[in-house]
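Listing of upload16.tsv, TSV, C-alpha atoms
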```tsv
chain	number	residue	atom	x	y	z
A	286	MET	CA	131.93	244.54	143.80
A	287	SER	CA	129.21	243.16	141.60
A	288	ALA	CA	130.98	244.44	138.49
A	289	ALA	CA	134.19	242.74	139.63
A	290	ARG	CA	132.33	239.46	140.08
A	291	THR	CA	130.78	239.74	136.65
A	292	SER	CA	134.18	240.43	135.09
A	293	LEU	CA	135.70	237.49	136.92
A	294	ALA	CA	132.89	235.19	135.78
A	295	ALA	CA	133.27	236.40	132.20
A	296	LEU	CA	137.03	235.85	132.34
A	297	LEU	CA	136.55	232.36	133.76
A	298	ALA	CA	133.99	231.55	131.08
A	299	ALA	CA	136.36	232.79	128.35
A	300	VAL	CA	139.23	230.70	129.73
A	301	LEU	CA	137.05	227.59	129.94
A	302	THR	CA	135.71	228.12	126.43
A	303	ALA	CA	139.24	228.53	125.08
A	304	CYS	CA	140.40	225.37	126.86
A	305	ALA	CA	137.41	223.39	125.60
A	306	SER	CA	138.01	224.72	122.09
A	307	SER	CA	141.72	223.76	122.18
A	308	SER	CA	140.89	220.35	123.52
A	309	LYS	CA	138.31	219.82	120.77
A	310	ILE	CA	140.80	220.91	118.13
A	311	ARG	CA	143.41	218.53	119.50
A	312	SER	CA	141.03	215.57	119.47
A	313	ASP	CA	139.80	216.45	115.97
A	314	ALA	CA	143.43	216.66	114.86
A	315	GLU	CA	143.99	213.10	116.05
A	316	VAL	CA	141.05	211.86	113.98
A	317	ILE	CA	142.28	213.68	110.89
A	318	ALA	CA	145.80	212.34	111.45
A	319	GLY	CA	144.30	208.85	111.43
A	320	ASN	CA	142.50	209.55	108.15
A	321	ILE	CA	145.71	210.87	106.62
A	322	ASP	CA	147.50	207.73	107.72
A	323	VAL	CA	144.83	205.53	106.11
A	324	ALA	CA	144.99	207.56	102.88
A	325	ARG	CA	148.76	207.32	102.80
A	326	ARG	CA	148.66	203.55	103.25
A	327	ALA	CA	146.02	203.29	100.51
A	328	GLY	CA	148.46	204.89	98.08
A	329	ALA	CA	147.56	208.58	98.30
A	330	MET	CA	151.20	209.45	97.68
A	331	ARG	CA	150.68	208.18	94.15
A	332	CYS	CA	146.99	208.80	93.54
A	333	ALA	CA	146.38	212.00	95.52
A	334	PRO	CA	149.76	213.58	96.24
A	335	ARG	CA	148.52	217.18	96.30
A	336	GLU	CA	145.63	216.39	98.62
A	337	LEU	CA	147.90	214.36	100.90
A	338	ALA	CA	150.44	217.17	101.14
A	339	THR	CA	147.69	219.72	101.78
A	340	ALA	CA	146.18	217.60	104.53
A	341	GLU	CA	149.50	216.93	106.26
A	342	ALA	CA	150.71	220.52	106.07
A	343	ASN	CA	147.44	222.00	107.32
A	344	LEU	CA	147.34	219.52	110.16
A	345	GLU	CA	150.80	220.64	111.22
A	346	PHE	CA	149.77	224.29	110.92
A	347	ALA	CA	146.68	223.63	113.03
A	348	ARG	CA	148.75	222.02	115.76
A	349	ALA	CA	151.23	224.89	115.70
A	350	GLU	CA	148.45	227.47	115.93
A	351	VAL	CA	146.70	225.74	118.78
A	352	SER	CA	149.99	225.60	120.67
A	353	ALA	CA	150.34	229.33	120.08
A	354	GLY	CA	146.84	229.86	121.48
A	355	GLU	CA	145.37	230.81	118.10
A	356	SER	CA	142.29	228.60	118.22
A	357	VAL	CA	140.41	230.35	115.44
A	358	ARG	CA	143.24	230.04	112.94
A	359	ALA	CA	143.89	226.48	114.11
A	360	ALA	CA	140.28	225.58	113.39
A	361	GLU	CA	140.57	227.03	109.88
A	362	HIS	CA	143.66	224.92	109.15
A	363	LEU	CA	141.95	221.90	110.62
A	364	ARG	CA	139.00	222.36	108.27
A	365	ASP	CA	141.38	222.54	105.31
A	366	ALA	CA	143.20	219.44	106.55
A	367	GLU	CA	139.95	217.55	107.00
A	368	HIS	CA	138.72	218.49	103.54
A	369	ALA	CA	142.00	217.51	101.88
A	370	ALA	CA	142.23	214.26	103.85
A	371	SER	CA	138.71	213.25	102.77
A	372	LYS	CA	139.57	214.00	99.16
A	373	ALA	CA	142.82	212.02	99.44
A	374	LEU	CA	140.89	209.07	100.88
A	375	GLU	CA	138.32	209.27	98.10
A	376	LEU	CA	140.97	209.43	95.37
A	377	SER	CA	142.96	206.59	96.91
A	378	LYS	CA	140.03	204.20	97.14
A	379	ASP	CA	140.87	202.44	93.89
A	380	CYS	CA	144.58	203.11	94.07
A	381	SER	CA	146.09	199.65	93.81
A	382	ALA	CA	149.78	198.92	94.14
A	383	LYS	CA	150.05	198.00	90.50
A	384	PRO	CA	149.64	200.41	87.59
A	385	LYS	CA	146.20	200.52	86.09
A	386	GLN	CA	145.47	197.95	83.46
A	387	PRO	CA	145.68	199.53	80.03
A	388	LEU	CA	142.51	199.76	78.02
A	389	VAL	CA	142.54	197.08	75.37
A	390	VAL	CA	139.98	197.16	72.60
A	391	LYS	CA	138.80	193.67	71.73
A	392	ILE	CA	138.36	193.26	68.03
A	393	ASP	CA	137.04	189.74	67.78
A	394	GLY	CA	137.39	186.27	69.24
A	395	SER	CA	136.90	185.04	72.79
A	396	ASP	CA	138.95	185.99	75.84
A	397	ARG	CA	138.42	183.33	78.47
A	398	ASP	CA	140.59	184.90	81.16
A	399	GLY	CA	139.25	188.41	80.47
A	400	ASP	CA	142.67	190.04	80.37
A	401	GLY	CA	141.92	191.95	77.17
A	402	ILE	CA	144.15	189.74	75.00
A	403	PRO	CA	142.13	187.53	72.63
A	404	ASP	CA	142.66	183.81	73.17
A	405	SER	CA	144.10	183.52	69.67
A	406	ALA	CA	147.03	185.76	70.74
A	407	ASP	CA	147.10	184.72	74.39
A	408	ARG	CA	149.83	182.26	75.37
A	409	CYS	CA	148.01	181.65	78.64
A	410	PRO	CA	144.31	181.90	77.71
A	411	ASP	CA	143.18	180.74	81.15
A	412	GLU	CA	145.47	182.93	83.22
A	413	PRO	CA	145.03	186.72	83.05
A	414	GLU	CA	148.05	188.90	82.25
A	415	ASP	CA	149.23	190.82	85.33
A	416	TYR	CA	150.21	194.05	83.53
A	417	ASP	CA	153.24	194.72	85.66
A	418	GLY	CA	155.26	196.37	82.93
A	419	PHE	CA	157.16	193.17	82.13
A	420	GLN	CA	156.23	191.16	79.02
A	421	ASP	CA	152.65	192.38	79.12
A	422	ASP	CA	151.81	191.42	75.54
A	423	ASP	CA	152.00	187.63	75.83
A	424	GLY	CA	148.91	187.19	78.01
A	425	CYS	CA	150.79	185.30	80.73
A	426	PRO	CA	151.14	186.63	84.27
A	427	ASP	CA	154.74	187.18	85.37
A	428	LEU	CA	154.72	186.70	89.11
A	429	ASP	CA	158.49	186.48	89.33
A	430	ASN	CA	159.91	188.49	86.45
A	431	ASP	CA	163.55	187.70	87.13
A	432	ASN	CA	162.93	184.05	88.11
A	433	ASP	CA	164.98	184.42	91.26
A	434	GLY	CA	162.43	182.67	93.44
A	435	VAL	CA	161.39	185.87	95.17
A	436	PRO	CA	157.82	186.83	94.12
A	437	ASP	CA	157.64	190.28	92.55
A	438	ALA	CA	155.38	191.48	95.35
A	439	GLN	CA	158.25	190.96	97.81
A	440	ASP	CA	161.08	191.61	95.36
A	441	ARG	CA	162.74	195.01	95.68
A	442	CYS	CA	164.51	194.37	92.37
A	443	PRO	CA	161.81	192.50	90.42
A	444	ASN	CA	163.71	192.58	87.15
A	445	THR	CA	167.18	191.73	88.48
A	446	PRO	CA	167.77	188.35	90.12
A	447	GLY	CA	168.98	188.29	93.69
A	448	PRO	CA	168.66	186.13	96.81
A	449	ALA	CA	165.71	186.38	99.16
A	450	SER	CA	168.15	187.30	101.93
A	451	ASN	CA	168.85	190.51	100.04
A	452	ALA	CA	165.16	191.24	99.27
A	453	GLY	CA	165.58	189.84	95.78
A	454	CYS	CA	168.33	192.27	94.83
A	455	PRO	CA	171.78	191.24	93.64
A	456	VAL	CA	174.52	191.27	96.24
A	457	LEU	CA	177.43	193.26	94.91
A	458	GLU	CA	180.41	193.11	97.17
A	459	PRO	CA	183.06	195.79	96.86
A	460	SER	CA	185.55	193.09	96.05
A	461	LEU	CA	183.41	191.73	93.25
A	462	ASP	CA	185.28	191.35	90.01
A	463	SER	CA	182.64	193.22	88.03
A	464	ASP	CA	184.76	193.88	84.97
A	465	GLY	CA	185.80	190.25	84.64
A	466	GLY	CA	189.42	191.25	84.32
A	467	GLY	CA	190.53	189.28	87.32
A	468	VAL	CA	191.36	192.39	89.33
A	469	PRO	CA	189.03	192.93	92.27
A	470	VAL	CA	187.16	196.23	92.16
A	471	GLU	CA	187.56	198.00	95.49
A	472	TYR	CA	186.56	201.39	96.73
A	473	LYS	CA	189.61	203.58	96.84
A	474	ARG	CA	188.14	206.54	98.60
A	475	VAL	CA	185.43	205.12	100.86
A	476	VAL	CA	184.96	202.30	103.35
A	477	VAL	CA	181.49	200.87	103.94
A	478	LYS	CA	181.11	200.16	107.66
A	479	SER	CA	178.14	198.74	109.50
A	480	ASP	CA	176.89	202.14	110.63
A	481	ARG	CA	178.40	204.56	108.14
A	482	ILE	CA	180.20	205.14	104.90
A	483	GLU	CA	183.55	206.48	105.85
A	484	ILE	CA	185.30	208.77	103.42
A	485	LYS	CA	189.07	208.76	103.33
A	486	GLN	CA	189.27	212.35	102.21
A	487	GLN	CA	186.96	215.18	103.19
A	488	ILE	CA	184.65	216.89	100.73
A	489	ARG	CA	185.91	220.38	100.06
A	490	PHE	CA	183.79	223.47	99.54
A	491	LYS	CA	184.48	227.02	98.40
A	492	THR	CA	185.06	229.21	101.45
A	493	GLY	CA	181.77	230.33	103.01
A	494	SER	CA	179.82	228.65	100.24
A	495	ALA	CA	178.03	225.36	99.55
A	496	ARG	CA	179.79	224.87	96.24
A	497	ILE	CA	181.76	221.64	96.21
A	498	SER	CA	185.30	222.22	95.04
A	499	GLY	CA	188.15	220.05	93.84
A	500	LYS	CA	188.11	217.11	91.47
A	501	GLU	CA	188.93	214.76	94.32
A	502	SER	CA	185.75	215.76	96.19
A	503	PHE	CA	183.64	214.74	93.22
A	504	GLU	CA	185.56	211.46	92.93
A	505	VAL	CA	184.84	210.70	96.59
A	506	LEU	CA	181.15	211.40	96.07
A	507	LYS	CA	181.07	209.19	93.01
A	508	GLU	CA	182.35	206.35	95.15
A	509	VAL	CA	179.87	207.09	97.93
A	510	ALA	CA	177.13	206.88	95.29
A	511	GLN	CA	178.58	203.65	93.95
A	512	ALA	CA	178.73	202.19	97.46
A	513	LEU	CA	175.09	203.12	97.99
A	514	ARG	CA	174.06	201.55	94.72
A	515	ASP	CA	176.00	198.40	95.57
A	516	ASN	CA	174.67	198.12	99.11
A	517	VAL	CA	170.91	197.95	98.82
A	518	ARG	CA	170.74	197.02	102.50
A	519	ILE	CA	171.35	200.71	103.22
A	520	ARG	CA	167.83	202.04	103.13
A	521	LYS	CA	168.50	205.48	104.56
A	522	LEU	CA	171.70	207.47	104.77
A	523	ARG	CA	172.01	210.73	106.67
A	524	ILE	CA	174.39	213.19	105.09
A	525	GLU	CA	175.63	215.38	107.89
A	526	GLY	CA	177.25	218.75	107.51
A	527	HIS	CA	179.42	219.98	110.38
A	528	THR	CA	181.38	223.18	110.89
A	529	ASP	CA	183.98	224.49	113.32
A	530	SER	CA	183.13	227.06	115.97
A	531	VAL	CA	184.18	230.12	113.98
A	532	GLY	CA	181.29	232.45	113.22
A	533	VAL	CA	177.71	232.86	114.29
A	534	ASP	CA	175.68	229.75	115.20
A	535	ALA	CA	172.78	230.43	112.85
A	536	ALA	CA	175.13	231.06	109.94
A	537	ASN	CA	177.05	227.85	110.68
A	538	ILE	CA	173.86	225.80	110.82
A	539	ASN	CA	172.66	227.34	107.60
A	540	LEU	CA	175.96	226.78	105.82
A	541	SER	CA	176.28	223.18	107.02
A	542	GLN	CA	172.71	222.49	105.89
A	543	MET	CA	173.38	223.97	102.47
A	544	ARG	CA	176.56	221.93	102.16
A	545	ALA	CA	174.78	218.73	103.15
A	546	ASN	CA	172.11	219.59	100.55
A	547	ALA	CA	174.79	220.12	97.92
A	548	VAL	CA	176.36	216.74	98.71
A	549	MET	CA	172.96	215.07	98.51
A	550	ALA	CA	172.27	216.75	95.16
A	551	GLU	CA	175.58	215.44	93.85
A	552	LEU	CA	174.72	211.90	94.98
A	553	VAL	CA	171.32	212.20	93.27
A	554	LYS	CA	173.16	213.26	90.13
A	555	ASN	CA	175.19	210.08	90.48
A	556	GLY	CA	172.09	207.92	90.46
A	557	VAL	CA	171.16	207.56	94.12
A	558	GLU	CA	167.45	207.79	94.88
A	559	PRO	CA	166.64	210.87	96.98
A	560	SER	CA	164.32	208.80	99.17
A	561	ARG	CA	167.35	206.89	100.45
A	562	MET	CA	168.97	209.98	101.87
A	563	GLU	CA	168.41	212.94	104.13
A	564	ALA	CA	170.62	215.98	104.56
A	565	VAL	CA	171.10	217.57	107.95
A	566	GLY	CA	173.26	220.54	108.89
A	567	TYR	CA	174.44	220.44	112.49
A	568	GLY	CA	176.61	223.55	112.44
A	569	ARG	CA	179.16	223.54	115.27
A	570	SER	CA	177.11	221.43	117.67
A	571	ARG	CA	178.92	218.10	117.19
A	572	PRO	CA	182.66	218.67	117.22
A	573	VAL	CA	185.05	215.72	117.02
A	574	ALA	CA	188.12	217.71	118.01
A	575	SER	CA	189.05	220.82	119.93
A	576	ASN	CA	188.14	224.10	118.28
A	577	THR	CA	191.07	225.85	119.91
A	578	THR	CA	193.62	224.63	117.38
A	579	ALA	CA	193.70	225.00	113.61
A	580	SER	CA	194.01	221.24	113.06
A	581	GLY	CA	191.10	220.58	115.44
A	582	ARG	CA	188.92	223.07	113.59
A	583	ALA	CA	189.88	221.45	110.29
A	584	GLN	CA	188.74	218.08	111.67
A	585	ASN	CA	185.46	219.58	112.79
A	586	ARG	CA	184.69	220.96	109.33
A	587	ARG	CA	183.45	217.75	107.83
A	588	THR	CA	180.77	215.80	106.01
A	589	GLU	CA	179.63	212.48	107.45
A	590	PHE	CA	177.58	209.72	105.87
A	591	ASN	CA	175.75	207.83	108.61
A	592	ILE	CA	173.51	204.85	107.96
A	593	ILE	CA	170.26	205.36	109.87
A	594	GLU	CA	168.12	202.59	108.38
A	595	GLN	CA	168.99	199.24	106.89
B	217	MET	CA	175.03	257.57	128.78
B	218	ILE	CA	177.32	254.93	127.25
B	219	ARG	CA	175.47	252.18	129.09
B	220	ALA	CA	172.17	253.41	127.75
B	221	LEU	CA	173.63	253.51	124.25
B	222	VAL	CA	174.98	249.93	124.56
B	223	ALA	CA	171.64	248.74	125.90
B	224	ALA	CA	169.83	250.45	123.04
B	225	VAL	CA	172.15	248.88	120.47
B	226	ALA	CA	171.77	245.43	122.09
B	227	LEU	CA	168.01	245.81	122.16
B	228	GLY	CA	168.02	246.94	118.54
B	229	ALA	CA	170.14	243.95	117.54
B	230	LEU	CA	167.83	241.57	119.40
B	231	LEU	CA	164.70	243.03	117.90
B	232	GLY	CA	166.23	243.30	114.47
B	233	CYS	CA	167.61	239.77	114.36
B	234	GLY	CA	164.26	238.02	113.87
B	235	PRO	CA	163.10	239.90	110.79
B	236	VAL	CA	166.52	239.69	109.15
B	237	GLN	CA	166.86	235.96	109.77
B	238	SER	CA	163.34	235.11	108.74
B	239	THR	CA	163.70	237.20	105.60
B	240	ALA	CA	166.88	235.30	104.72
B	241	TYR	CA	165.11	231.97	105.21
B	242	LEU	CA	162.13	233.15	103.18
B	243	LEU	CA	164.37	234.28	100.33
B	244	ASP	CA	166.20	230.97	100.40
B	245	ALA	CA	162.92	229.05	100.29
B	246	GLU	CA	161.70	231.17	97.39
B	247	ALA	CA	164.90	230.49	95.48
B	248	GLN	CA	164.61	226.75	96.13
B	249	LEU	CA	161.00	226.76	94.96
B	250	GLU	CA	161.92	228.60	91.80
B	251	SER	CA	164.65	226.08	91.15
B	252	ALA	CA	162.22	223.20	91.73
B	253	ARG	CA	159.67	224.80	89.42
B	254	SER	CA	162.30	225.05	86.68
B	255	ALA	CA	163.06	221.35	87.11
B	256	GLY	CA	159.39	220.52	86.49
B	257	ALA	CA	158.53	219.70	90.11
B	258	GLU	CA	154.89	220.69	89.68
B	259	LYS	CA	154.45	217.83	87.27
B	260	TYR	CA	157.00	215.30	88.47
B	261	ALA	CA	156.97	215.78	92.26
B	262	PRO	CA	153.46	217.08	93.10
B	263	TYR	CA	153.57	216.00	96.75
B	264	GLU	CA	156.80	217.79	97.59
B	265	TRP	CA	155.92	220.75	95.38
B	266	THR	CA	152.54	221.29	97.07
B	267	ALA	CA	154.06	220.94	100.52
B	268	ALA	CA	156.83	223.42	99.69
B	269	GLN	CA	154.30	225.98	98.49
B	270	LEU	CA	152.07	225.58	101.54
B	271	TYR	CA	154.97	225.88	103.98
B	272	LEU	CA	156.28	228.98	102.22
B	273	HIS	CA	152.83	230.56	102.32
B	274	LYS	CA	152.54	229.79	106.02
B	275	ALA	CA	156.05	231.14	106.67
B	276	ARG	CA	155.05	234.42	105.05
B	277	GLU	CA	151.90	234.53	107.15
B	278	GLU	CA	153.91	233.98	110.34
B	279	ALA	CA	156.45	236.63	109.36
B	280	GLY	CA	153.54	239.00	108.77
B	281	LYS	CA	152.41	238.38	112.36
B	282	SER	CA	155.98	238.99	113.59
B	283	ALA	CA	156.21	235.33	114.67
B	284	TYR	CA	159.74	235.15	113.33
B	285	GLN	CA	160.83	231.83	114.78
B	286	GLU	CA	157.77	230.11	113.34
B	287	ALA	CA	158.41	231.87	110.03
B	288	ILE	CA	161.98	230.52	110.04
B	289	ASP	CA	160.85	226.98	110.86
B	290	PHE	CA	158.21	226.91	108.13
B	291	ALA	CA	160.48	228.57	105.56
B	292	ASP	CA	163.14	225.98	106.36
B	293	LYS	CA	160.64	223.20	105.75
B	294	ALA	CA	159.58	224.86	102.52
B	295	SER	CA	163.22	224.87	101.41
B	296	LYS	CA	163.66	221.21	102.27
B	297	TYR	CA	160.51	220.17	100.41
B	298	ALA	CA	161.47	222.30	97.43
B	299	SER	CA	164.93	220.77	97.38
B	300	ARG	CA	163.45	217.26	97.49
B	301	ALA	CA	160.95	218.23	94.79
B	302	ARG	CA	163.72	219.44	92.52
B	303	ALA	CA	165.79	216.29	93.03
B	304	ALA	CA	162.79	214.01	92.48
B	305	ALA	CA	161.73	215.96	89.39
B	306	GLN	CA	165.18	215.70	87.88
B	307	ILE	CA	165.18	211.95	88.31
B	308	ALA	CA	161.60	211.51	87.08
B	309	ALA	CA	162.21	213.70	84.05
B	310	LYS	CA	165.26	211.63	83.14
B	311	ALA	CA	163.36	208.37	83.58
B	312	GLU	CA	160.40	209.44	81.44
B	313	PRO	CA	160.91	207.88	78.02
B	314	GLY	CA	161.38	210.26	75.12
B	315	LYS	CA	161.45	213.31	77.35
B	316	ASP	CA	164.37	215.49	78.26
B	317	ALA	CA	164.63	217.22	81.58
B	318	PRO	CA	163.32	220.77	81.44
B	319	VAL	CA	165.98	223.31	80.58
B	320	ARG	CA	166.91	225.50	83.45
B	321	PRO	CA	166.90	229.24	82.86
```
What would the structure in this file look like if it were written as structure tokens?
Amino acid sequence: MSAARTSLAALLAAVLTACASSSKIRSDAEVIAGNIDVARRAGAMRCAPRELATAEANLEFARAEVSAGESVRAAEHLRDAEHAASKALELSKDCSAKPKQPLVVKIDGSDRDGDGIPDSADRCPDEPEDYDGFQDDDGCPDLDNDNDGVPDAQDRCPNTPGPASNAGCPVLEPSLDSDGGGVPVEYKRVVVKSDRIEIKQQIRFKTGSARISGKESFEVLKEVAQALRDNVRIRKLRIEGHTDSVGVDAANINLSQMRANAVMAELVKNGVEPSRMEAVGYGRSRPVASNTTASGRAQNRRTEFNIIEQ
Amino acid sequence: MIRALVAAVALGALLGCGPVQSTAYLLDAEAQLESARSAGAEKYAPYEWTAAQLYLHKAREEAGKSAYQEAIDFADKASKYASRARAAAQIAAKAEPGKDAPVRP
């Protein structure tokens, strides 16, 4: 009886210790997540990318391990995350938004504004050069490189004029006569809608593979890329891969993901920034037609371009 | 007898599915990482490259513990990061003045 009581007490103590440990790990994880957030906002992505990635990944691993009841392993990951987050914070301390000012050796003469350009060669001797990569040799700060009235700090296209309503970027309408030939340039293969870029012809792939096939498919993607470049309001596009119901679920998800990746890679090749896109494979989960007929299945095998942020 | 055989086969398929799937995901992630490395991701996309490596390492660890679903999830993330790293590296290499993109093997 006494032995049973002792065992029960030991078991209870173990359970309570484990709970306390998990709870401590969870609260520590919150603190570290906060530090990571601060580091990221301070520019760690640029000044401490490896440390930032290490901190974020280990934090995720710690949370996964604690959910799986592996407190010891979770604590190890948390330590790694904490260490990396501290390092990222340290490295990001002096990480300003602008590139570091280049080292300029002063040979002689005075330099009233202290921008490293002697007054004799400085067109603006009382105003320091801003070293923003635009006309940095004249000694004058360029606060609005393209003179469009939108300060560079708020201008998403600091070197190309554009209205403030379009974040300082030029507005290029599909119907814009860009070649000056009097014939409006229009997309032949895509239509830009408020929530998506609709393609008039589906992207084709080799059977069972993620290799894009057919010249027409590449032409469609070229136009999707052009539409994205023209419409800077589209900040994030989700490239969705969908399949019909034939085959195993996991294989369909995998194939649709690989196809979405292939489409994204093609758009990157055509000059679209990867940060403006994400590729998601949905497999058979989102049909638009019945899978019982051949034409329905053909409709379900598709690539969609949905605007998720603008 | 037949029922027992069917049950055994079904059980075998269920037990065997995890390792096979996770191995496939791990192989895919490894291939993506190799492709990113060839594109110069270590230099041009250090954030994505580091994340891809860490997730792949963790996926292997999970597979080693027979936690196949976790292994799949982490390997999938590794693949995604590696893919992003490769794309970013290709763009950065092109944009770097006087430098050509690394030649792929």
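The gap separating atom CA of Val505 of chain A from atom CA of Glu589 of chain A is 12.2 Å, in Å to one decimal.
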Report summary line: Of A:Val517, A:Ala370, A:Leu552, A:Leu376, the one sitting nearest chain B when using only C-alpha atoms is A:Leu552
Requested in this report: Select all residues from chain A having any atom no more than 6 Å from an atom of chain B (counting all atoms listed in the file, ignoring ligands), output as a VMD selection string.
Outcome: chain A and resid 334 to 335 338
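Note that the spacing between atom CA of Arg325 of chain A and atom CA of Ala349 of chain A amounts to 21.9 Å.
Distance-wise, atom CA of Ala255 of chain B and atom CA of Ile538 of chain A end up 26.4 Å apart.
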Query raised in the report: Within 12 Å of Lys281 of chain B, counting all atoms listed in the file, which residues qualify if same-chain residues fewer than 4 places away don't, as a PyMOL selection string?
Result: (chain A and resi 355) or (chain B and resi 234-235+238+274-277+285-287)
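Of the listed residues (A:Gly453, A:Pro413, A:Gly526, A:Gly532), A:Gly453 comes nearest to Asp429 of chain A; the distances count all atoms listed in the file.
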Query raised in the report: Which neighbours of Val435 of chain A fall inside 9 Å, counting only C-alpha atoms, when residues of the same chain fewer than 2 positions from it are skipped, and could you give them as a ChimeraX atom specification?
Result: /A:429,431-433,437-440,443,446-449,452-453
Query raised in the report: With all atoms listed in the file as the atoms that count, which of A:Asp400, A:Leu428, A:Arg518, A:Ser494 lies nearest to Ser450 of chain A?
Result: A:Arg518
Requested in this report: Anything within 7 Å of (167.3, 200.6, 104.4): list those residues as a list in words, counting only C-alpha atoms and sticking to the file's coordinates.
Outcome: Arg518, Ile519, Arg520, Lys521, Glu594 and Gln595 of chain A
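Comparing the minimum interatomic distances between Ile482 of chain A and each of A:Asn591, A:Pro559, A:Arg571, A:Ile310, counting only C-alpha atoms, we find that A:Asn591 sits nearest.
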Requested in this report: Extract, using all atoms listed in the file, all DNA, RNA and protein residues at most 7 Å from Asn555 of chain A, discarding same-chain residues fewer than 3 positions from it, and format them as a PyMOL selection string.
Outcome: chain A and resi 507+510+551-552
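Distances here use only C-alpha atoms; by that measure, the residue among A:His527, A:Arg586, A:Lys554, A:Arg311 closest to Tyr567 of chain A is A:His527.
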